[in-house]
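Working notes, structure below.
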Amino acid sequence: MFPDEMSLIVPDALDIATCDRLIANFNDRLDEGGLVQGQAASHIRRSQIGWFNEEQEPVVMRQIVDLVATANRTCFDFGLTDFAENAQIARYEGDQRGHYDWHSDIGASDVARRRKLTMVIQLSDPTDYDGGLLQMNPAGHIVDAPMARGTAILFPSFVLHRVAPTIAGTRFSLTCWVHGQPFR
Ligand SMILES: O=C(O)CCC(=O)C(=O)O
Ligand SMILES: [Fe+2]
């Protein structure tokens, strides 16, 4: 069964304590994101990002792997083979109007062309920021992602999505990609 509106919502993918811990661990270790071919492209993306792997966060990665396996088996049925990139933590600041303009996650690089499934987890409480909405445009209309803390949103990596400008407070997210043979 392919999910409605192309995206699958999984509430409570991470518990609140884990969201808090990831935010606290990463908050002072994030660097400016949104470099496009080495150039700052703040009109496309303004956020600070960091990365973690299975060694650094074994429990979180295990939860993600299990969740993705179930989601793929029950909904997407894509040919997924590996997690070829580390997981990303991003921070969008209201006083910088943190955002990420409309894009697909499938890119030209060797790794980005193998992205098939994208998963975003909402790490922040919705009362901690205004704006900063994750939105998808799977079929010519905009679908807002749920904001509840710990909720995972999974969608095919070719689906257009954005983070609308954050206008107050701070939003943190966790994003990872699952890879396989490029779509054909
Ligand atoms: O932070 C988010 O909610 C989405 C991030 C994203 O789309 C990306 O890193 O490709
Ligand atoms: Fe994205």
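Ordered as shown in the structure tokens, chains take letters A, B, and onward, while each chain numbers its residues from 1 and ligands are numbered from 1 in the order shown.
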Can you pull out every residue with an atom within 12 Å of ligand 2? Use only C-alpha atoms and all ligand atoms and format it as an MDAnalysis selection string.
chainID A and resid 34 44:45 88 90 99:107 112 115:120 134:137 153:163 173:177
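The residues of segment 41-151 of chain A that DSSP classifies as helix (DSSP H, G or I), using the backbone of this structure, are Pro58, Val59, Val60, Met61, Arg62, Gln63, Ile64, Val65, Asp66, Leu67, Val68, Ala69, Thr70, Ala71, Asn72, Arg73, Thr74, Cys75, Phe76, Gly94, Asp95, Gln96, Ala112, Arg113, Arg114, Pro126, Thr127 and Asp128 of chain A.
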Could you save those same residues with N, CA and C atoms as an mmCIF file, in the first residue's frame?
data_model
loop_
_atom_site.group_PDB
_atom_site.id
_atom_site.type_symbol
_atom_site.label_atom_id
_atom_site.label_comp_id
_atom_site.auth_asym_id
_atom_site.auth_seq_id
_atom_site.Cartn_x
_atom_site.Cartn_y
_atom_site.Cartn_z
ATOM 1 N N PRO A 58 24.539 4.695 18.130
ATOM 2 C CA PRO A 58 24.096 3.350 17.748
ATOM 3 C C PRO A 58 22.613 3.092 18.016
ATOM 4 N N VAL A 59 22.092 3.609 19.116
ATOM 5 C CA VAL A 59 20.697 3.314 19.456
ATOM 6 C C VAL A 59 19.749 4.034 18.493
ATOM 7 N N VAL A 60 20.041 5.303 18.242
ATOM 8 C CA VAL A 60 19.199 6.073 17.316
ATOM 9 C C VAL A 60 19.257 5.452 15.920
ATOM 10 N N MET A 61 20.462 5.076 15.471
ATOM 11 C CA MET A 61 20.578 4.494 14.121
ATOM 12 C C MET A 61 19.834 3.163 14.039
ATOM 13 N N ARG A 62 19.883 2.368 15.101
ATOM 14 C CA ARG A 62 19.156 1.095 15.115
ATOM 15 C C ARG A 62 17.654 1.350 14.976
ATOM 16 N N GLN A 63 17.146 2.354 15.702
ATOM 17 C CA GLN A 63 15.717 2.680 15.611
ATOM 18 C C GLN A 63 15.358 3.123 14.196
ATOM 19 N N ILE A 64 16.238 3.923 13.595
ATOM 20 C CA ILE A 64 15.974 4.416 12.244
ATOM 21 C C ILE A 64 15.977 3.259 11.241
ATOM 22 N N VAL A 65 16.958 2.379 11.359
ATOM 23 C CA VAL A 65 17.053 1.254 10.423
ATOM 24 C C VAL A 65 15.801 0.375 10.524
ATOM 25 N N ASP A 66 15.362 0.102 11.755
ATOM 26 C CA ASP A 66 14.169 -0.727 11.949
ATOM 27 C C ASP A 66 12.934 -0.045 11.366
ATOM 28 N N LEU A 67 12.815 1.262 11.641
ATOM 29 C CA LEU A 67 11.651 2.003 11.149
ATOM 30 C C LEU A 67 11.610 2.021 9.619
ATOM 31 N N VAL A 68 12.764 2.276 9.020
ATOM 32 C CA VAL A 68 12.831 2.331 7.558
ATOM 33 C C VAL A 68 12.506 0.962 6.953
ATOM 34 N N ALA A 69 13.009 -0.094 7.580
ATOM 35 C CA ALA A 69 12.751 -1.441 7.046
ATOM 36 C C ALA A 69 11.255 -1.732 7.039
ATOM 37 N N THR A 70 10.581 -1.412 8.145
ATOM 38 C CA THR A 70 9.135 -1.647 8.228
ATOM 39 C C THR A 70 8.396 -0.768 7.218
ATOM 40 N N ALA A 71 8.771 0.512 7.163
ATOM 41 C CA ALA A 71 8.097 1.441 6.239
ATOM 42 C C ALA A 71 8.260 0.973 4.804
ATOM 43 N N ASN A 72 9.448 0.519 4.469
ATOM 44 C CA ASN A 72 9.667 0.103 3.081
ATOM 45 C C ASN A 72 8.900 -1.181 2.771
ATOM 46 N N ARG A 73 8.881 -2.083 3.741
ATOM 47 C CA ARG A 73 8.176 -3.351 3.509
ATOM 48 C C ARG A 73 6.680 -3.119 3.372
ATOM 49 N N THR A 74 6.113 -2.249 4.214
ATOM 50 C CA THR A 74 4.657 -2.106 4.235
ATOM 51 C C THR A 74 4.153 -1.062 3.238
ATOM 52 N N CYS A 75 4.983 -0.095 2.856
ATOM 53 C CA CYS A 75 4.477 1.016 2.044
ATOM 54 C C CYS A 75 5.189 1.236 0.725
ATOM 55 N N PHE A 76 6.470 1.411 0.760
ATOM 56 C CA PHE A 76 7.128 1.921 -0.446
ATOM 57 C C PHE A 76 7.555 0.807 -1.398
ATOM 58 N N GLY A 94 14.955 31.392 13.876
ATOM 59 C CA GLY A 94 13.977 32.417 13.520
ATOM 60 C C GLY A 94 14.618 33.755 13.208
ATOM 61 N N ASP A 95 15.649 34.145 13.977
ATOM 62 C CA ASP A 95 16.225 35.479 13.741
ATOM 63 C C ASP A 95 17.093 35.522 12.477
ATOM 64 N N GLN A 96 17.323 34.353 11.853
ATOM 65 C CA GLN A 96 18.012 34.327 10.543
ATOM 66 C C GLN A 96 17.036 33.974 9.422
ATOM 67 N N ALA A 112 24.180 11.243 -4.189
ATOM 68 C CA ALA A 112 22.844 11.864 -4.234
ATOM 69 C C ALA A 112 21.962 11.253 -5.317
ATOM 70 N N ARG A 113 22.572 10.709 -6.351
ATOM 71 C CA ARG A 113 21.732 10.082 -7.387
ATOM 72 C C ARG A 113 21.200 8.724 -6.953
ATOM 73 N N ARG A 114 21.780 8.172 -5.871
ATOM 74 C CA ARG A 114 21.308 6.888 -5.339
ATOM 75 C C ARG A 114 20.298 7.051 -4.197
ATOM 76 N N PRO A 126 6.699 21.961 18.654
ATOM 77 C CA PRO A 126 6.116 22.996 17.777
ATOM 78 C C PRO A 126 5.956 24.350 18.468
ATOM 79 N N THR A 127 5.888 24.380 19.788
ATOM 80 C CA THR A 127 5.748 25.671 20.473
ATOM 81 C C THR A 127 7.085 26.403 20.575
ATOM 82 N N ASP A 128 8.186 25.747 20.159
ATOM 83 C CA ASP A 128 9.510 26.370 20.243
ATOM 84 C C ASP A 128 9.849 27.242 19.032
#
Checklist entry - For ligand 1, which of A:Ile49, A:Leu80, A:Ile142, A:Ala168 is the closest residue, counting only C-alpha atoms and all ligand atoms? => result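 Distance minimum relative to ligand 1 lands on A:Ile49.
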| message | Show me, as a VMD selection string, the residues that have an atom within 12 Å of segment 20-22 of chain A when counting only C-alpha atoms, minus same-chain residues fewer than 2 positions from it. | response | chain A and resid 14 to 18 24 to 30 50 to 52 56 to 57 59 to 60 87 to 91 121 to 125 149 to 150 172 to 174
For each of A:Val10, A:Leu133, A:Ala148, A:Cys19, take the minimum atom-to-atom distance to Pro165 of chain A, counting only C-alpha atoms, then give the residue where this is smallest.
->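 Closest candidate: A:Leu133.
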Shortest contact to ligand 1, candidates A:Ser42, A:Ser7, A:Ser109, A:Gln48, atoms counted only C-alpha atoms and all ligand atoms, goes to A:Gln48
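Computed from the coordinates, the atom 4 (C, counted along the ligand's line) of ligand 1 to atom CA of Val111 of chain A distance equals 17.6 Å.
With only C-alpha atoms as the basis for measurement, A:Glu32 is the residue among A:Asp144, A:Glu32, A:Asp77, A:Glu55 that approaches Glu93 of chain A most closely.
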_Report, in Å with one decimal, the straight-line distance from atom CA of Asp130 of chain A to atom CA of Gly169 of chain A._
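Atom CA of Gly169 of chain A lies 6.5 Å from atom CA of Asp130 of chain A.
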- Task: Return as number ranges by chain the full set of residues in chain A whose backbone-based DSSP assignment is strand (DSSP E or B).
- Result: A: 8-10, 31-32, 35-36, 39-40, 45-46, 48-52, 82, 87-93, 99-103, 115-122, 129-131, 134-137, 143-144, 152-156, 160-163, 166-179
Select, from A:Asp110, A:Glu54, A:Asp31, A:Asp12, the residue with the minimum atom-to-atom distance to Thr151 of chain A, counting only C-alpha atoms.
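With only C-alpha atoms as the atom set, the closest residue is A:Asp12.
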Q) Distance atom CA of Ala41 of chain A-atom CA of Asn53 of chain A, one decimal place? A)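 Between atom CA of Ala41 of chain A and atom CA of Asn53 of chain A the gap works out to 25.9 Å.
Take the candidates A:Ala152, A:Ile167, A:Ile9, A:Ala139 and check each one against ligand 1 using only C-alpha atoms and all ligand atoms; the shortest distance goes to A:Ala152.
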